[in-house]
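J.: Sharing target-v6.cif (mmCIF, C-alpha atoms) below.
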data_upload
#
loop_
_atom_site.label_atom_id
_atom_site.label_comp_id
_atom_site.auth_asym_id
_atom_site.auth_seq_id
_atom_site.Cartn_x
_atom_site.Cartn_y
_atom_site.Cartn_z
CA MET A 1 17.99 -21.01 -12.02
CA SER A 2 14.60 -19.84 -10.77
CA PHE A 3 12.85 -16.62 -11.68
CA THR A 4 9.68 -15.16 -10.23
CA THR A 5 6.91 -14.73 -12.80
CA TYR A 6 3.21 -13.84 -12.90
CA LEU A 7 2.22 -17.16 -14.48
CA THR A 8 3.78 -20.60 -14.37
CA VAL A 9 4.34 -22.59 -17.57
CA GLN A 10 1.21 -24.67 -16.94
CA GLN A 11 -0.90 -21.60 -16.15
CA THR A 12 0.31 -19.99 -19.38
CA THR A 13 -0.54 -23.12 -21.38
CA ASP A 14 -4.02 -23.25 -19.83
CA ARG A 15 -4.60 -19.54 -20.48
CA LEU A 16 -3.45 -19.79 -24.12
CA ALA A 17 -5.98 -22.59 -24.67
CA GLY A 18 -8.70 -20.03 -23.97
CA LEU A 19 -7.11 -17.13 -25.84
CA LEU A 20 -5.79 -18.56 -29.11
CA PRO A 21 -7.30 -21.11 -31.50
CA SER A 22 -5.54 -24.49 -31.50
CA ARG A 23 -4.15 -23.92 -35.02
CA ASP A 24 -2.85 -20.41 -34.34
CA ALA A 25 0.86 -20.46 -35.24
CA ARG A 26 1.85 -18.89 -31.91
CA ARG A 27 -0.04 -21.50 -29.92
CA VAL A 28 1.39 -24.28 -32.09
CA ALA A 29 4.91 -22.89 -31.49
CA TRP A 30 4.19 -22.70 -27.74
CA ASN A 31 2.91 -26.29 -27.59
CA ALA A 32 5.90 -27.55 -29.60
CA ALA A 33 8.45 -25.90 -27.28
CA SER A 34 10.13 -27.90 -24.52
CA ASP A 35 9.23 -27.12 -20.91
CA PRO A 36 12.63 -25.45 -20.26
CA ASP A 37 12.11 -23.28 -23.35
CA LYS A 38 8.57 -22.43 -22.22
CA ALA A 39 9.97 -21.34 -18.84
CA VAL A 40 12.36 -19.01 -20.70
CA PHE A 41 9.50 -17.59 -22.80
CA VAL A 42 7.35 -16.96 -19.69
CA ARG A 43 10.28 -15.25 -17.97
CA GLN A 44 10.93 -13.10 -21.06
CA ALA A 45 7.22 -12.19 -21.31
CA HIS A 46 7.23 -11.19 -17.64
CA GLN A 47 10.33 -9.04 -18.19
CA ASP A 48 8.82 -7.47 -21.32
CA LEU A 49 5.75 -6.36 -19.36
CA ASP A 50 7.77 -5.19 -16.37
CA ALA A 51 9.96 -3.01 -18.61
CA CYS A 52 6.94 -0.86 -19.54
CA VAL A 53 5.66 2.09 -17.51
CA TRP A 54 2.26 1.50 -15.89
CA ARG A 55 -0.23 3.71 -14.06
CA GLY A 56 0.05 3.85 -10.27
CA ARG A 57 2.95 2.37 -8.34
CA VAL A 58 3.97 -1.07 -7.09
CA GLU A 59 1.91 -2.22 -4.14
CA PHE A 60 4.84 -3.21 -1.93
CA ARG A 61 8.19 -1.49 -1.65
CA THR A 62 9.95 -4.85 -1.63
CA GLN A 63 8.17 -6.54 -4.53
CA ALA A 64 10.36 -7.56 -7.43
CA ALA A 65 7.68 -7.18 -10.11
CA MET A 66 5.64 -4.25 -11.45
CA TRP A 67 2.30 -5.86 -10.51
CA PRO A 68 0.22 -5.68 -8.34
CA ARG A 69 -0.11 -1.87 -8.47
CA VAL A 70 -1.97 0.65 -6.32
CA GLU A 71 -2.89 4.33 -6.32
CA ALA A 72 -0.17 6.67 -5.03
CA GLY A 73 -0.26 6.76 -1.24
CA GLU A 74 1.08 4.90 1.72
CA TRP A 75 3.35 1.89 1.23
CA SER A 76 2.23 -1.40 2.67
CA ASP A 77 4.73 -3.21 4.87
CA ALA A 78 3.27 -6.60 3.96
CA GLY A 79 5.17 -8.94 1.68
CA CYS A 80 4.20 -9.84 -1.84
CA GLY A 81 3.65 -13.49 -2.70
CA MET A 82 5.30 -14.55 -5.94
CA SER A 83 5.87 -17.85 -7.66
CA ASP A 84 8.92 -19.63 -8.96
CA VAL A 85 8.15 -20.29 -12.64
CA SER A 86 9.61 -23.77 -12.52
CA SER A 87 7.83 -24.95 -9.36
CA GLY A 88 4.34 -23.60 -9.97
CA GLU A 89 3.89 -22.90 -6.25
CA MET A 90 1.63 -20.01 -5.34
CA GLY A 91 2.75 -17.23 -3.03
CA SER A 92 0.61 -15.61 -0.36
CA GLY A 93 0.42 -11.99 -1.46
CA GLN A 94 -1.47 -9.61 0.76
CA GLY A 95 -3.09 -6.63 -0.83
CA GLY A 96 -4.01 -3.10 0.02
CA LEU A 97 -6.03 -0.86 -2.26
CA VAL A 98 -5.66 -2.52 -5.62
CA TYR A 99 -5.24 0.06 -8.39
CA VAL A 100 -6.64 -2.17 -11.08
CA ALA A 101 -9.28 -4.63 -9.97
CA PRO A 102 -7.91 -8.14 -9.56
CA ASP A 103 -9.33 -10.82 -11.81
CA ALA A 104 -12.92 -11.41 -10.70
CA ALA A 105 -12.35 -15.13 -11.27
CA GLY A 106 -9.70 -15.09 -8.51
CA ASP A 107 -6.02 -15.92 -8.45
CA ALA A 108 -6.13 -19.71 -8.87
CA ASP A 109 -4.88 -19.29 -12.46
CA CYS A 110 -2.07 -16.93 -11.52
CA ALA A 111 1.18 -17.26 -9.63
CA VAL A 112 0.84 -13.82 -8.00
CA ALA A 113 -2.07 -12.51 -5.91
CA ASN A 114 -4.12 -9.49 -6.98
CA ILE A 115 -3.11 -9.53 -10.63
CA PRO A 116 -5.63 -8.15 -13.13
CA ARG A 117 -6.92 -10.43 -15.88
CA GLU A 118 -5.35 -8.08 -18.44
CA VAL A 119 -1.85 -8.75 -17.08
CA LYS A 120 -2.41 -12.51 -17.11
CA ASP A 121 -3.65 -12.41 -20.69
CA ALA A 122 -0.78 -10.14 -21.78
CA VAL A 123 1.82 -12.50 -20.27
CA ALA A 124 0.27 -15.47 -22.07
CA TYR A 125 0.06 -13.64 -25.42
CA GLN A 126 3.61 -12.37 -25.06
CA ALA A 127 4.98 -15.81 -24.10
CA ALA A 128 3.32 -17.30 -27.20
CA ALA A 129 4.79 -14.53 -29.34
CA ARG A 130 8.22 -15.25 -27.82
CA ALA A 131 7.79 -18.97 -28.62
CA PHE A 132 6.81 -18.09 -32.19
CA ARG A 133 9.90 -15.89 -32.56
CA GLY A 134 12.09 -18.48 -30.82
CA ALA A 135 11.01 -21.11 -33.34
CA GLY A 136 12.19 -18.84 -36.16
CA LEU A 137 8.68 -18.36 -37.53
CA ASP A 138 8.38 -14.57 -37.07
CA ALA A 139 8.84 -13.03 -40.51
CA THR A 140 9.14 -9.53 -39.00
CA ALA A 141 11.95 -10.34 -36.54
CA HIS A 142 14.43 -8.72 -38.91
CA LEU A 143 12.66 -5.36 -38.41
CA GLU A 144 13.32 -5.38 -34.68
CA SER A 145 16.92 -6.28 -35.34
CA ALA A 146 17.24 -3.46 -37.90
CA ALA A 147 15.70 -0.95 -35.49
CA GLY A 148 18.20 -2.03 -32.85
CA ARG A 149 20.95 -1.14 -35.29
CA GLY A 150 19.36 2.27 -35.89
CA LEU A 151 17.86 1.68 -39.34
CA VAL A 152 15.36 4.42 -40.13
CA SER A 153 14.38 3.57 -43.70
CA GLN A 154 14.52 0.49 -45.89
CA SER A 155 13.28 -0.16 -49.43
CA ALA A 156 13.39 -3.44 -51.31
CA GLY A 157 11.17 -5.42 -53.63
CA GLY A 158 8.56 -2.70 -53.93
CA VAL A 159 8.21 -2.37 -50.15
CA SER A 160 9.37 0.65 -48.21
CA GLN A 161 9.68 0.72 -44.42
CA THR A 162 10.62 3.58 -42.15
CA LEU A 163 11.33 3.03 -38.47
CA ASP A 164 11.73 5.51 -35.67
CA PRO A 165 14.48 3.86 -33.58
CA ARG A 166 13.41 5.73 -30.44
CA ILE A 167 9.93 4.24 -30.69
CA ALA A 168 11.06 0.85 -32.00
CA ARG A 169 13.42 0.40 -29.03
CA SER A 170 10.81 1.33 -26.42
CA PRO A 171 9.68 -1.48 -24.10
CA TRP A 172 6.09 -0.97 -25.29
CA ALA A 173 7.12 -1.72 -28.89
CA LYS A 174 8.49 -5.11 -27.78
CA LEU A 175 5.02 -6.27 -26.74
CA CYS A 176 3.03 -8.24 -29.30
CA PRO A 177 -0.11 -6.50 -30.65
CA GLU A 178 -2.48 -8.60 -28.49
CA ALA A 179 -0.54 -7.80 -25.30
CA GLN A 180 -0.56 -4.11 -26.24
CA ALA A 181 -4.31 -4.22 -26.85
CA VAL A 182 -5.18 -5.73 -23.46
CA MET A 183 -2.70 -3.51 -21.56
CA GLU A 184 -3.38 -0.18 -23.32
CA GLY A 185 -5.72 1.08 -20.60
CA LEU A 186 -3.14 0.38 -17.88
CA ARG A 187 -0.26 2.14 -19.61
CA ALA A 188 1.11 5.36 -18.13
CA VAL A 189 1.30 7.91 -20.93
CA GLY A 190 2.04 11.60 -20.47
CA ALA A 191 1.51 11.55 -16.72
CA ALA A 192 3.73 12.18 -13.73
CA LEU A 193 5.37 8.92 -12.71
CA THR A 194 5.54 7.87 -9.07
#
Hey, can you dump this file as structure tokens for me?
T.:
Amino acid sequence: MSFTTYLTVQQTTDRLAGLLPSRDARRVAWNAASDPDKAVFVRQAHQDLDACVWRGRVEFRTQAAMWPRVEAGEWSDAGCGMSDVSSGEMGSGQGGLVYVAPDAAGDADCAVANIPREVKDAVAYQAAARAFRGAGLDATAHLESAAGRGLVSQSAGGVSQTLDPRIARSPWAKLCPEAQAVMEGLRAVGAALT
């Protein structure tokens, strides 16, 4: 099965090499994962980002992903080039007024045209976090599970935790802290959505 993603597995691996130290547990988990598992983690990272609400609107009416994005205005009738995560082939996206400036380094390290560096970095961080969780190394995974069941308070062993299920279940809360940090400025908060 193929799925369109912002980065391919190889592009994610290359990006992580520049973002995380070689001994970082998330990068180690990513490197230890099989290529089919990595493809799943990239797809999940893409879906995690696309589930959030971002400023602006999608650039093309027909695009399947939330990026690239533009200011509110006229829709472009051009198509959006995307990549199949398993093939690594680049699409030929055509852009209008880009809401967030595309990566100044260009799109050679990305499977989709006109994607900001922040989105690329967030996908890589999130894929590594997914690999870390998938390897069973995330000691806080039980908290997400508890929030999904509606747990609002938990005390044990001298530690007390209180969760707001509404916040814990939000798509934003599913992003790892590094992905949240790089995407914070692009997040739509308290504004009219278009």
J.: For region 36-48 of chain A, please output as JSON, numbers by chain all residues within 7 Å (counting all atoms listed in the file; exclusion window: fewer than 3 positions along the same chain).
T.: {"A": [3, 5, 6, 9, 33, 51, 85, 86, 123, 126, 127, 130, 131, 171, 174, 175]}
J.: Skip Cys176 (chain A) itself and residues of its chain fewer than 2 positions away, then list as a PDB file with C-alpha atoms, in the coordinates of the input all residues within 12 Å of it, counting only C-alpha atoms.
T.:
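That gives us around_37.pdb:
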ATOM      1  CA  ARG A  26       1.850 -18.890 -31.910  1.00  0.00           C
ATOM      2  CA  ALA A  45       7.220 -12.190 -21.310  1.00  0.00           C
ATOM      3  CA  ASP A  48       8.820  -7.470 -21.320  1.00  0.00           C
ATOM      4  CA  LEU A  49       5.750  -6.360 -19.360  1.00  0.00           C
ATOM      5  CA  ASP A 121      -3.650 -12.410 -20.690  1.00  0.00           C
ATOM      6  CA  ALA A 122      -0.780 -10.140 -21.780  1.00  0.00           C
ATOM      7  CA  VAL A 123       1.820 -12.500 -20.270  1.00  0.00           C
ATOM      8  CA  ALA A 124       0.270 -15.470 -22.070  1.00  0.00           C
ATOM      9  CA  TYR A 125       0.060 -13.640 -25.420  1.00  0.00           C
ATOM     10  CA  GLN A 126       3.610 -12.370 -25.060  1.00  0.00           C
ATOM     11  CA  ALA A 127       4.980 -15.810 -24.100  1.00  0.00           C
ATOM     12  CA  ALA A 128       3.320 -17.300 -27.200  1.00  0.00           C
ATOM     13  CA  ALA A 129       4.790 -14.530 -29.340  1.00  0.00           C
ATOM     14  CA  ARG A 130       8.220 -15.250 -27.820  1.00  0.00           C
ATOM     15  CA  ALA A 131       7.790 -18.970 -28.620  1.00  0.00           C
ATOM     16  CA  PHE A 132       6.810 -18.090 -32.190  1.00  0.00           C
ATOM     17  CA  ARG A 133       9.900 -15.890 -32.560  1.00  0.00           C
ATOM     18  CA  ASP A 138       8.380 -14.570 -37.070  1.00  0.00           C
ATOM     19  CA  THR A 140       9.140  -9.530 -39.000  1.00  0.00           C
ATOM     20  CA  ALA A 141      11.950 -10.340 -36.540  1.00  0.00           C
ATOM     21  CA  GLU A 144      13.320  -5.380 -34.680  1.00  0.00           C
ATOM     22  CA  PRO A 171       9.680  -1.480 -24.100  1.00  0.00           C
ATOM     23  CA  TRP A 172       6.090  -0.970 -25.290  1.00  0.00           C
ATOM     24  CA  ALA A 173       7.120  -1.720 -28.890  1.00  0.00           C
ATOM     25  CA  LYS A 174       8.490  -5.110 -27.780  1.00  0.00           C
ATOM     26  CA  GLU A 178      -2.480  -8.600 -28.490  1.00  0.00           C
ATOM     27  CA  ALA A 179      -0.540  -7.800 -25.300  1.00  0.00           C
ATOM     28  CA  GLN A 180      -0.560  -4.110 -26.240  1.00  0.00           C
ATOM     29  CA  ALA A 181      -4.310  -4.220 -26.850  1.00  0.00           C
ATOM     30  CA  VAL A 182      -5.180  -5.730 -23.460  1.00  0.00           C
ATOM     31  CA  MET A 183      -2.700  -3.510 -21.560  1.00  0.00           C
ATOM     32  CA  GLU A 184      -3.380  -0.180 -23.320  1.00  0.00           C
TER      33      GLU A 184
END
J.: Using the chain letters and residue numbers of this document, give as a PyMOL selection string the residues selected by the PyMOL selection byres ((chain A and resi 188) around 6).
T.: chain A and resi 53-55+187+189
J.: Suppose you want the space between CA of Arg69 (chain A) and CA of Gly56 (chain A); what is it in Å?
T.: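 Atom-to-atom, CA of Arg69 (chain A) and CA of Gly56 (chain A) are spaced 6.0 Å apart.
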J.: What separation in Å, quoted to one decimal, exists between CA of Gln63 (chain A) and CA of Leu186 (chain A)?
T.: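 Taking CA of Gln63 (chain A) as the start and CA of Leu186 (chain A) as the end point, the length is 18.8 Å.
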J.: How many Å lie between CA of Gly134 (chain A) and CA of Ala29 (chain A), rounded to one decimal?
T.: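 Straight-line distance from CA of Gly134 (chain A) to CA of Ala29 (chain A) works out to 8.5 Å.
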J.: Looking at A:Cys52, A:Val28, A:Val119, A:Ala17, which one is nearest to Trp67 (chain A), with distances taken over all atoms listed in the file?
T.: A:Val119
